[in-house]
>>> print(open('final16.cif').read())   # mmCIF, C-alpha atoms
data_entry
#
loop_
_atom_site.label_atom_id
_atom_site.label_comp_id
_atom_site.auth_asym_id
_atom_site.auth_seq_id
_atom_site.Cartn_x
_atom_site.Cartn_y
_atom_site.Cartn_z
CA MET A 700 0.00 0.00 0.00
CA THR A 701 1.27 3.45 -0.87
CA GLY A 702 0.68 6.35 1.53
CA PRO A 703 0.36 10.02 0.66
CA ALA A 704 3.25 11.55 -1.28
CA ARG A 705 3.40 14.55 1.05
CA ARG A 706 5.02 14.47 4.46
CA LEU A 707 2.77 12.69 6.93
CA ARG A 708 1.07 14.92 9.46
CA ALA A 709 0.44 13.57 12.95
CA LEU A 710 -1.66 14.75 15.88
CA VAL A 711 -0.81 13.68 19.43
CA THR A 712 -3.31 14.55 22.15
CA GLY A 713 -2.42 14.85 25.82
CA ALA A 714 1.14 15.96 25.06
CA ALA A 715 1.63 19.00 27.34
CA ASN A 716 3.47 17.21 30.15
CA PRO A 717 7.17 16.93 29.13
CA GLY A 718 7.52 13.77 31.20
CA GLY A 719 4.41 12.03 29.93
CA ILE A 720 3.54 9.51 27.24
CA GLY A 721 2.19 12.12 24.83
CA ALA A 722 5.37 14.18 24.80
CA ALA A 723 7.49 11.05 24.26
CA VAL A 724 5.28 9.97 21.36
CA ALA A 725 5.40 13.41 19.75
CA ALA A 726 9.20 13.48 20.00
CA ARG A 727 9.54 9.98 18.52
CA LEU A 728 7.26 10.75 15.58
CA ARG A 729 9.19 13.94 14.86
CA ASP A 730 12.42 11.94 14.91
CA ASP A 731 10.80 9.60 12.39
CA GLY A 732 10.19 12.50 10.04
CA LEU A 733 6.52 13.25 10.63
CA ASP A 734 5.10 16.74 10.87
CA VAL A 735 3.66 16.66 14.41
CA ILE A 736 1.09 18.92 16.05
CA THR A 737 -0.12 18.49 19.62
CA LEU A 738 -3.27 19.15 21.60
CA ASP A 739 -3.95 19.34 25.32
CA LEU A 740 -6.16 21.00 27.91
CA GLU A 741 -3.00 22.44 29.47
CA PRO A 742 -0.85 25.11 27.77
CA GLY A 743 2.30 24.20 25.88
CA CYS A 744 0.86 22.45 22.81
CA THR A 745 -0.10 23.52 19.32
CA HIS A 746 -3.77 23.64 20.37
CA GLN A 747 -5.16 24.17 23.87
CA VAL A 748 -8.56 22.50 23.85
CA ASP A 749 -11.00 20.99 26.33
CA LEU A 750 -12.09 17.86 24.49
CA THR A 751 -15.38 17.69 26.36
CA ARG A 752 -16.77 21.06 25.22
CA ASP A 753 -14.48 23.16 23.01
CA ASP A 754 -14.69 23.30 19.24
CA LEU A 755 -11.88 21.29 17.67
CA PRO A 756 -9.47 22.84 15.18
CA PRO A 757 -9.67 21.58 11.58
CA LEU A 758 -8.15 18.09 11.58
CA ASP A 759 -8.93 16.83 8.08
CA ASP A 760 -5.24 16.97 7.16
CA ILE A 761 -4.18 14.52 9.89
CA ASP A 762 -2.72 11.24 8.64
CA VAL A 763 -1.66 9.78 12.01
CA LEU A 764 -3.74 10.28 15.15
CA VAL A 765 -2.37 9.28 18.53
CA SER A 766 -5.20 9.67 21.01
CA ASN A 767 -3.52 9.87 24.39
CA ALA A 768 -5.41 12.56 26.32
CA GLY A 769 -7.29 11.28 29.33
CA LEU A 770 -7.88 11.38 33.07
CA ALA A 771 -6.32 8.80 35.36
CA THR A 772 -6.88 10.44 38.74
CA THR A 773 -10.54 9.74 39.47
CA VAL A 774 -10.52 7.40 42.46
CA GLY A 775 -13.68 5.73 43.66
CA ALA A 776 -15.27 2.31 44.07
CA ALA A 777 -18.35 1.27 42.11
CA HIS A 778 -20.60 1.53 45.18
CA THR A 779 -19.48 5.04 46.20
CA LEU A 780 -18.35 6.95 43.09
CA ALA A 781 -20.40 10.09 42.45
CA LEU A 782 -22.20 10.08 39.12
CA GLU A 783 -20.69 13.39 38.02
CA ARG A 784 -17.18 12.01 38.48
CA TRP A 785 -18.11 8.92 36.45
CA GLU A 786 -19.51 11.11 33.70
CA ARG A 787 -16.40 13.32 33.67
CA ASP A 788 -14.11 10.32 33.09
CA LEU A 789 -16.26 9.01 30.26
CA ALA A 790 -16.56 12.49 28.74
CA VAL A 791 -12.79 13.00 28.63
CA ASN A 792 -11.41 9.50 28.11
CA LEU A 793 -14.04 8.08 25.78
CA THR A 794 -16.14 10.83 24.22
CA GLY A 795 -13.16 13.18 23.87
CA SER A 796 -11.19 10.49 22.06
CA PHE A 797 -14.15 9.76 19.80
CA ARG A 798 -14.57 13.44 18.89
CA VAL A 799 -10.94 13.71 17.77
CA ALA A 800 -11.01 10.42 15.85
CA GLN A 801 -14.21 11.44 14.09
CA ALA A 802 -12.69 14.81 13.14
CA CYS A 803 -9.67 13.07 11.59
CA LEU A 804 -11.51 10.29 9.79
CA GLY A 805 -13.07 12.40 7.05
CA GLY A 806 -9.70 13.40 5.59
CA MET A 807 -8.23 9.95 6.10
CA ARG A 808 -11.11 8.33 4.24
CA GLU A 809 -10.83 10.84 1.40
CA ARG A 810 -7.09 10.17 1.02
CA ARG A 811 -7.57 6.44 1.64
CA PHE A 812 -4.82 6.44 4.21
CA GLY A 813 -4.66 6.80 7.97
CA ARG A 814 -3.25 5.51 11.23
CA ILE A 815 -5.17 5.77 14.49
CA VAL A 816 -3.45 4.68 17.70
CA VAL A 817 -5.39 4.99 20.94
CA ILE A 818 -3.67 4.81 24.32
CA SER A 819 -5.97 2.74 26.51
CA SER A 820 -4.82 0.86 29.64
CA PHE A 821 -4.33 -2.67 30.91
CA ALA A 822 -7.24 -1.78 33.22
CA ALA A 823 -9.51 -1.91 30.16
CA ARG A 824 -9.14 -5.69 30.09
CA PHE A 825 -8.46 -6.51 33.72
CA GLY A 826 -10.20 -3.79 35.73
CA MET A 827 -8.71 -1.78 38.58
CA PRO A 828 -10.09 -1.52 42.11
CA ALA A 829 -11.08 2.05 43.11
CA GLN A 830 -10.93 3.24 39.48
CA VAL A 831 -14.19 1.96 38.05
CA ALA A 832 -14.76 5.01 35.81
CA TYR A 833 -11.21 4.92 34.47
CA ALA A 834 -11.36 1.20 33.69
CA ALA A 835 -14.79 1.49 32.07
CA SER A 836 -13.81 4.45 29.90
CA LYS A 837 -10.58 2.81 28.79
CA SER A 838 -12.50 -0.39 27.99
CA GLY A 839 -14.92 1.60 25.87
CA LEU A 840 -11.99 2.77 23.77
CA LEU A 841 -11.32 -0.83 22.72
CA GLY A 842 -14.78 -1.21 21.26
CA MET A 843 -14.38 2.12 19.49
CA VAL A 844 -11.01 1.13 18.02
CA LYS A 845 -12.21 -2.23 16.74
CA THR A 846 -15.28 -0.68 15.14
CA ILE A 847 -13.27 2.06 13.43
CA ALA A 848 -10.83 -0.61 12.23
CA ALA A 849 -13.61 -2.73 10.75
CA GLU A 850 -15.30 0.22 9.07
CA ASN A 851 -12.14 1.55 7.45
CA ALA A 852 -9.84 -1.40 6.71
CA ALA A 853 -10.66 -1.34 3.00
CA LEU A 854 -9.73 2.36 2.83
CA GLY A 855 -6.13 1.97 3.98
CA ILE A 856 -6.90 3.16 7.52
CA THR A 857 -5.77 1.18 10.55
CA ALA A 858 -6.89 1.59 14.15
CA ASN A 859 -5.17 -0.05 17.10
CA ALA A 860 -4.95 0.30 20.87
CA ILE A 861 -1.98 0.22 23.22
CA LEU A 862 -2.70 -0.93 26.78
CA PRO A 863 0.12 0.24 29.07
CA GLY A 864 0.69 -0.91 32.61
CA LEU A 865 2.44 1.37 35.11
CA VAL A 866 4.46 3.84 33.03
CA GLY A 867 7.27 5.86 34.59
CA SER A 868 5.78 9.23 33.75
CA ASP A 869 6.33 12.27 35.96
CA ALA A 870 2.90 11.75 37.50
CA VAL A 871 3.63 8.15 38.47
CA ARG A 872 7.08 8.96 39.82
CA ALA A 873 5.46 11.59 42.03
CA MET A 874 3.22 8.99 43.67
CA PRO A 875 4.02 7.85 47.23
CA PRO A 876 6.99 5.45 47.10
CA GLU A 877 5.08 2.75 48.96
CA ILE A 878 2.41 2.73 46.26
CA VAL A 879 4.97 2.40 43.47
CA SER A 880 6.84 -0.30 45.40
CA ALA A 881 3.63 -2.29 45.89
CA TRP A 882 3.03 -2.16 42.13
CA LEU A 883 6.54 -3.22 41.27
CA GLU A 884 6.27 -6.22 43.59
CA ARG A 885 3.64 -7.52 41.15
CA VAL A 886 5.57 -6.74 37.95
CA PRO A 887 7.81 -9.62 36.76
CA THR A 888 10.28 -7.25 35.09
CA GLY A 889 10.57 -5.37 38.36
CA ARG A 890 10.57 -1.88 36.83
CA LEU A 891 8.35 0.87 35.50
CA ILE A 892 7.68 1.02 31.78
CA ASP A 893 9.61 3.79 30.06
CA THR A 894 7.61 6.34 28.10
CA GLY A 895 9.98 5.70 25.20
CA GLU A 896 8.81 2.09 25.05
CA ILE A 897 5.23 3.25 24.50
CA ALA A 898 6.45 5.74 21.90
CA ALA A 899 8.31 3.00 20.04
CA ALA A 900 5.16 0.89 19.87
CA VAL A 901 3.19 3.85 18.55
CA ALA A 902 5.87 4.51 15.95
CA TYR A 903 5.56 0.94 14.69
CA LEU A 904 1.77 1.06 14.48
CA ALA A 905 2.04 4.38 12.60
CA SER A 906 4.59 3.02 10.15
CA PRO A 907 4.17 1.43 6.70
CA ALA A 908 5.32 -1.85 8.24
CA ALA A 909 2.07 -2.05 10.20
CA ALA A 910 -0.24 -1.58 7.22
CA SER A 911 -1.90 -4.96 7.87
CA VAL A 912 -2.14 -4.54 11.66
CA THR A 913 -5.57 -3.23 12.62
CA GLY A 914 -8.14 -3.71 15.34
CA GLN A 915 -5.47 -5.02 17.72
CA GLU A 916 -4.70 -4.54 21.41
CA LEU A 917 -1.03 -4.37 22.44
CA VAL A 918 -0.48 -4.80 26.18
CA ILE A 919 2.79 -3.29 27.44
CA ASP A 920 2.87 -4.00 31.16
CA GLY A 921 6.16 -5.66 32.06
CA GLY A 922 4.35 -8.98 32.47
CA LEU A 923 2.01 -7.66 35.17
CA THR A 924 -1.00 -9.48 33.75
CA LEU A 925 0.81 -12.78 33.29
CA ASN A 926 -0.21 -15.65 35.52
CA SER A 927 3.00 -16.13 37.49
CA LEU A 928 1.59 -18.73 39.89
CA SER A 929 3.24 -22.13 39.73
CA VAL A 930 2.81 -25.60 41.18
CA THR A 931 6.59 -25.72 41.65
CA ARG A 932 8.95 -23.55 43.67
CA SER A 933 10.21 -21.83 40.54
CA VAL A 934 9.94 -18.05 40.35
CA VAL A 935 9.27 -15.71 37.46
CA ARG A 936 11.80 -12.99 38.23
CA ALA A 937 15.45 -13.43 37.58
CA PRO A 938 17.39 -14.01 40.82
CA GLY A 939 19.71 -11.40 42.24
CA PRO A 940 23.50 -11.57 41.83
CA GLY A 941 25.00 -14.69 43.34
CA ARG A 942 21.62 -16.32 43.84
CA CYS A 943 19.78 -19.01 41.93
CA ALA A 944 16.05 -19.36 41.60
CA GLU A 945 14.27 -21.88 43.83
CA GLY A 946 13.26 -23.82 40.73
CA ASP A 947 16.95 -24.27 39.85
CA ARG A 948 17.55 -26.14 43.11
CA ARG A 949 14.43 -28.17 43.53
CA ALA A 950 10.97 -28.67 42.11
#
>>> encode(input="final16.cif", output="structure tokens")
Amino acid sequence: MTGPARRLRALVTGAANPGGIGAAVAARLRDDGLDVITLDLEPGCTHQVDLTRDDLPPLDDIDVLVSNAGLATTVGAAHTLALERWERDLAVNLTGSFRVAQACLGGMRERRFGRIVVISSFAARFGMPAQVAYAASKSGLLGMVKTIAAENAALGITANAILPGLVGSDAVRAMPPEIVSAWLERVPTGRLIDTGEIAAAVAYLASPAAASVTGQELVIDGGLTLNSLSVTRSVVRAPGPGRCAEGDRRA
């Protein structure tokens, strides 16, 4: 498949935070030669827009959309979460993403070329206690992505979702150390995911090499969602220096 002859133009939403996923994605796509514009509620991007209520700028010239903007800070269990907080998460994370995708699709369909990459979350598939609105909104994105993929596959447009685990963004690194440590105890790789790793995955899905990859979910979580239980004494993590895993000594 042959893409547009002109330089590809990309939009990355949620890119205002220099230490976040959006900024890393924008930098990677620029390094790959794309013309990148950014959008965020906060200042510092090409467009400052509230995706829940503001008019969007013209986006019919966008070839690559990376929909990253979203809220991750609404905490509340299903039996206590206030309805307005639920609605805010869905308005930003789900409806906001849909508005941007819809605004880009007209031009993509006309040119018969497009790449849509939505940043969802591992919580979309596995849930997350005390973040029912976040998990539900991120799960809704998966249905949106698969539908867009099915509707537009014959027009040279792909749509895929990336489902990160705990990413080492500035916001995560600012969390209480005991919270981060508790997470990392569950992660087989034993470390936070680098924002550059998410950006590299986006770059692949936006590339010509991924022309036949559409409607897919890519989980990048350091093995967090793997079943690491075993009927032997073997362990998943590599042992520390000078130590051998239990499974190496006995079963």
>>> residues_around(input="final16.cif", residues="Gln801 of chain A", least_positions_apart="6", cutoff="12 Å", atoms="all atoms listed in the file", output="list of chain:residue names")
A:Leu755, A:Pro757, A:Leu758, A:Asp759, A:Ile761, A:Leu764, A:Ser766, A:Thr794, A:Gly795, A:Met807, A:Arg808, A:Ile815, A:Met843, A:Val844, A:Ile847
>>> closest_residue(input="final16.cif", among="A:Ala870, A:Cys803, A:Leu770, A:Val831", to="Asn716 of chain A", atoms="all atoms listed in the file")
A:Ala870
>>> residues_around(input="final16.cif", residues="Glu896 of chain A", least_positions_apart="6", cutoff="10 Å", atoms="only C-alpha atoms", output="PyMOL selection string")
chain A and resi 720+723-724+863+866+902+919
>>> resolve_selection(input="final16.cif", expression="the PyMOL selection byres ((chain A and resi 735) around 9)", output="ChimeraX atom specification")
/A:707-711,725-726,728-729,732-734,736-737
>>> closest_residue(input="final16.cif", among="A:Gly713, A:Gly914, A:Gly718, A:Gly867", to="Leu841 of chain A", atoms="all atoms listed in the file")
A:Gly914
>>> resolve_selection(input="final16.cif", expression="the PyMOL selection byres ((chain A and resi 918) around 7)", output="VMD selection string")
chain A and resid 821 861 to 863 916 to 917 919 to 920
>>> resolve_selection(input="final16.cif", expression="the PyMOL selection byres ((chain A and resi 854) around 8)", output="count of residues only")
8
>>> residues_around(input="final16.cif", residues="Val791 of chain A", least_positions_apart="6", cutoff="9 Å", atoms="only C-alpha atoms", output="list in words")
Asp749, Leu750, Thr751, Ala768, Gly769, Leu770 and Ser836 of chain A
>>> atom_distance(input="final16.cif", atom1="atom CA of Val765 of chain A", atom2="atom CA of Ile818 of chain A")
7.4 Å
>>> closest_residue(input="final16.cif", among="A:Leu883, A:Asp762, A:Ala834, A:Tyr903", to="Arg814 of chain A", atoms="all atoms listed in the file")
A:Asp762
>>> atom_distance(input="final16.cif", atom1="atom CA of Arg787 of chain A", atom2="atom CA of Gly839 of chain A")
14.2 Å
>>> closest_residue(input="final16.cif", among="A:Val912, A:Val763, A:Val816, A:Leu928", to="Pro887 of chain A", atoms="all atoms listed in the file")
A:Leu928
>>> residues_around(input="final16.cif", residues="Ser880 of chain A", least_positions_apart="5", cutoff="12 Å", atoms="all atoms listed in the file", output="number ranges by chain")
A: 865, 871-872, 874-875, 885-886, 889-891
>>> closest_residue(input="final16.cif", among="A:Thr846, A:Gln747, A:Thr894, A:Gly775", to="Asp869 of chain A", atoms="only C-alpha atoms")
A:Thr894
>>> closest_residue(input="final16.cif", among="A:Asp730, A:Ala802, A:Ala776, A:Ala900", to="Pro756 of chain A", atoms="only C-alpha atoms")
A:Ala802
>>> atom_distance(input="final16.cif", atom1="atom CA of Val748 of chain A", atom2="atom CA of Gly721 of chain A")
15.0 Å
>>> residues_around(input="final16.cif", residues="Ala835 of chain A", least_positions_apart="4", cutoff="10 Å", atoms="all atoms listed in the file", output="number ranges by chain")
A: 785, 788-789, 792-793, 822-824, 826-827, 830-831, 839-840
